[in-house]
Amino acid sequence: MPALTYRPDWDEGRKRLAAWWEGEDIGRPAMQITAPRPEPIEIIEALPEPEGYIGCQYTTKDLPWRVNVALRACTRTLYYAEAVPAFNSGDLAPNCLALYLGCHGVEMPGTTWCEPFIEEPTPPAFRYDPDNFYWRFSLDAYTQTIAQSRGKFLQQFPDLIEGLDTLAAMRGTERLLIDLLERPDWVQACLRQITDLYFHYYDMLCDVVRDDMGGSYWWVWGPGRTAKFQCDFSAMISAPMFREFMQPVLTEMTERVSCSLYHLDGPGATQHVECLMDIPKLGMIQWTPGDGVEPCWDRHWWPMFHRILDGGKKLMIWVDGMETMRELRREFGQSINGMLITFGVGSAEAAEEMMGG
């Protein structure tokens, strides 16, 4: 698949990204630039919203509607530099693995809440259930979307999530905080099973979503098996506790994929950057500061950016425009080429200016 209908020059972008992941200097940072199309590249009529729809992008109320949303998702966007049209057709919550392992999803405006179900810390016996409703829905959504879209745009992995975040969804955050202190062996046993099951699902999903060149997409395209990892729960625990419980999980998981990025979310999680730097196979850190603090690109975070880049990891951020790009170039010099910078602009002309600036 050297070309995509929605990005005819994708082969060039794919080759640049493959080189960038391998550590080659492509002469600038990797960039994912998008702009609105003046007219949609393809007209696909929208289906009526399903009964009970409350504005939740993850809804499982109507499979044909979900497929229709996926088919329309990339038709009104132009993609430049290393951006590629992609959509996660089977994404059902910001923790799909928890749904697959037994949580019930409660749809709310803008998100789906995973209801905890582990009441007592009995010996874990999590298992793969081929008939789990959410798992079947994800697979069906991917299968039906791909059948109608192959060669047009790529598929992104669902937001599986792993480790303590998944266990917190299954057990409840407050209970898990107590478990870490009172029954750490039980937590470790749960994490072992969650990691094993993560890859049971990931391997099957990879066979479905990977492109014809063997690459895959998870917030960014990578050659081979690509994955995003995270631990938002880490904002509530100490650096030593993160090293004890999550570093081994992340070390193993990064060794089982080709390209990996870690979603670092919020100021409370920045205490764990040093631990992340010690994970050899972790390729990139993606920074999201959250609400109520300086924006992602702000100079307040630049010392952390220097530590990440100087330590040999790539850095993924989003920016707000050309002046911010110029400031970053002045501050980071050649090191900026180790960044993956994402932004949206208002026109094709603005996108060309960003690539040239």
# chains A, B, ... in the order shown; residues from 1 in each chain; ligands from 1
>>> residues_around(residues="A:Leu176", least_positions_apart="6", cutoff="12 Å", atoms="only C-alpha atoms", output="list in words")
Pro116, Ile118, Glu119, Glu120, Pro121, Gly163, Leu164, Asp165, Thr166, Leu167, Ala168, Ala169, Met170, Glu182, Arg183, Pro184, Trp186, Val187, Gln188, Cys190, Leu191, Phe233, Ser234, Met236 and Ile237 of chain A
>>> select_by_dssp(residues="stretch 226-275 of chain A", states="alpha helix (DSSP H)", output="PyMOL selection string")
chain A and resi 239-245+247-255+273-275
>>> write_last_selection(atoms="C-alpha atoms", output="PDB file, in the first residue's frame")
ATOM      1  CA  ALA A 239       8.733   7.421  42.158  1.00  0.00           C
ATOM      2  CA  PRO A 240      10.015   4.331  44.078  1.00  0.00           C
ATOM      3  CA  MET A 241       6.579   2.717  43.874  1.00  0.00           C
ATOM      4  CA  PHE A 242       6.397   3.425  40.132  1.00  0.00           C
ATOM      5  CA  ARG A 243       9.786   1.772  39.697  1.00  0.00           C
ATOM      6  CA  GLU A 244       8.633  -1.249  41.691  1.00  0.00           C
ATOM      7  CA  PHE A 245       5.310  -1.863  39.967  1.00  0.00           C
ATOM      8  CA  GLN A 247       8.942  -0.105  35.344  1.00  0.00           C
ATOM      9  CA  PRO A 248       9.128  -3.915  34.954  1.00  0.00           C
ATOM     10  CA  VAL A 249       5.793  -3.919  33.111  1.00  0.00           C
ATOM     11  CA  LEU A 250       6.845  -1.157  30.726  1.00  0.00           C
ATOM     12  CA  THR A 251      10.293  -2.667  30.198  1.00  0.00           C
ATOM     13  CA  GLU A 252       8.759  -5.955  29.093  1.00  0.00           C
ATOM     14  CA  MET A 253       6.074  -4.342  26.967  1.00  0.00           C
ATOM     15  CA  THR A 254       8.465  -2.083  25.080  1.00  0.00           C
ATOM     16  CA  GLU A 255      10.613  -5.120  24.302  1.00  0.00           C
ATOM     17  CA  VAL A 273      10.625  10.857  33.772  1.00  0.00           C
ATOM     18  CA  GLU A 274      13.925   9.552  35.150  1.00  0.00           C
ATOM     19  CA  CYS A 275      12.448   6.079  35.457  1.00  0.00           C
TER      20      CYS A 275
END
>>> residues_around(residues="stretch 138-143 of chain A", least_positions_apart="6", cutoff="12 Å", atoms="only C-alpha atoms", output="PyMOL selection string")
chain A and resi 58-60+62-71+87-93+96-97+99-100+130-132+149-150+154-160+201-202+204-210
>>> atom_distance(atom1="atom CA of A:Ile146", atom2="atom CA of A:Asp9")
20.4 Å
>>> residues_around(residues="A:Leu101", least_positions_apart="5", cutoff="8 Å", atoms="only C-alpha atoms", output="list in words")
Phe126, Arg127, Tyr128 and Asp129 of chain A
>>> closest_residue(among="A:Trp21, A:Phe343, A:Phe153, A:Tyr262", to="A:Ile308", atoms="only C-alpha atoms")
A:Tyr262
>>> select_by_dssp(residues="stretch 99-246 of chain A", states="strand (DSSP E or B)", output="ChimeraX atom specification")
/A:104-108,111-115,154-156,216-217,221-222,226-230
>>> closest_residue(among="A:Met246, A:Arg16, A:His272, A:Pro289", to="A:Leu180", atoms="only C-alpha atoms")
A:Met246
>>> residues_around(residues="A:Leu340", least_positions_apart="5", cutoff="6 Å", atoms="only C-alpha atoms", output="mmCIF file with C-alpha atoms, in the first residue's frame")
data_model
loop_
_atom_site.group_PDB
_atom_site.id
_atom_site.type_symbol
_atom_site.label_atom_id
_atom_site.label_comp_id
_atom_site.auth_asym_id
_atom_site.auth_seq_id
_atom_site.Cartn_x
_atom_site.Cartn_y
_atom_site.Cartn_z
ATOM 1 C CA PRO A 29 11.399 17.317 13.161
ATOM 2 C CA ALA A 30 8.840 14.733 12.205
ATOM 3 C CA MET A 31 5.518 16.537 11.862
ATOM 4 C CA MET A 316 6.001 14.076 20.886
#
>>> atom_distance(atom1="atom CA of A:Asp320", atom2="atom CA of A:Lys228")
23.1 Å
>>> residues_around(residues="A:Pro295", least_positions_apart="3", cutoff="12 Å", atoms="only C-alpha atoms", output="list in words")
Gly266, Pro267, Trp287, Thr288, Pro289, Gly290, Asp291, Gly292, Asp298, Arg299, His300, Trp301, Trp302, Ile317, Trp318, Val319, Asp320 and Thr324 of chain A
>>> residues_around(residues="stretch 5-7 of chain A", least_positions_apart="4", cutoff="9 Å", atoms="only C-alpha atoms", output="JSON list (two decimals) with N, CA and C atoms, in the first residue's frame")
[["chain", "number", "residue", "atom", "x", "y", "z"],
["A", 11, "ASP", "N", 3.39, 7.16, 0.69],
["A", 11, "ASP", "CA", 4.62, 6.35, 0.64],
["A", 11, "ASP", "C", 5.83, 7.20, 1.03],
["A", 41, "ILE", "N", -13.29, 14.70, 0.32],
["A", 41, "ILE", "CA", -12.74, 13.92, -0.78],
["A", 41, "ILE", "C", -13.74, 12.88, -1.26],
["A", 74, "CYS", "N", -12.20, 10.69, 8.02],
["A", 74, "CYS", "CA", -11.02, 11.29, 7.38],
["A", 74, "CYS", "C", -11.34, 12.01, 6.08],
["A", 75, "THR", "N", -12.59, 12.10, 5.70],
["A", 75, "THR", "CA", -12.92, 12.62, 4.37],
["A", 75, "THR", "C", -12.78, 14.13, 4.26],
["A", 77, "THR", "N", -10.34, 16.09, 5.77],
["A", 77, "THR", "CA", -9.05, 16.53, 6.28],
["A", 77, "THR", "C", -7.95, 16.31, 5.25],
["A", 78, "LEU", "N", -7.04, 17.29, 5.16],
["A", 78, "LEU", "CA", -5.82, 17.17, 4.37],
["A", 78, "LEU", "C", -4.68, 16.79, 5.31],
["A", 79, "TYR", "N", -3.76, 15.95, 4.83],
["A", 79, "TYR", "CA", -2.68, 15.43, 5.66],
["A", 79, "TYR", "C", -1.33, 15.78, 5.02],
["A", 80, "TYR", "N", -0.43, 16.34, 5.84],
["A", 80, "TYR", "CA", 0.86, 16.80, 5.34],
["A", 80, "TYR", "C", 1.99, 16.22, 6.19],
["A", 84, "VAL", "N", -1.01, 10.95, 8.61],
["A", 84, "VAL", "CA", -1.65, 9.95, 7.76],
["A", 84, "VAL", "C", -3.11, 9.81, 8.19],
["A", 85, "PRO", "N", -4.02, 9.69, 7.25],
["A", 85, "PRO", "CA", -5.41, 9.45, 7.62],
["A", 85, "PRO", "C", -5.56, 8.12, 8.34],
["A", 151, "GLY", "N", -7.32, 0.71, 1.55],
["A", 151, "GLY", "CA", -6.65, 1.55, 0.56],
["A", 151, "GLY", "C", -6.99, 3.02, 0.66],
["A", 152, "LYS", "N", -7.93, 3.38, 1.55],
["A", 152, "LYS", "CA", -8.31, 4.78, 1.71],
["A", 152, "LYS", "C", -7.62, 5.42, 2.92],
["A", 153, "PHE", "N", -7.71, 4.76, 4.08],
["A", 153, "PHE", "CA", -7.08, 5.27, 5.29],
["A", 153, "PHE", "C", -6.70, 4.09, 6.17]]
>>> closest_residue(among="A:Glu39, A:Glu22, A:Asp196, A:Glu12", to="A:Ala125", atoms="only C-alpha atoms")
A:Asp196
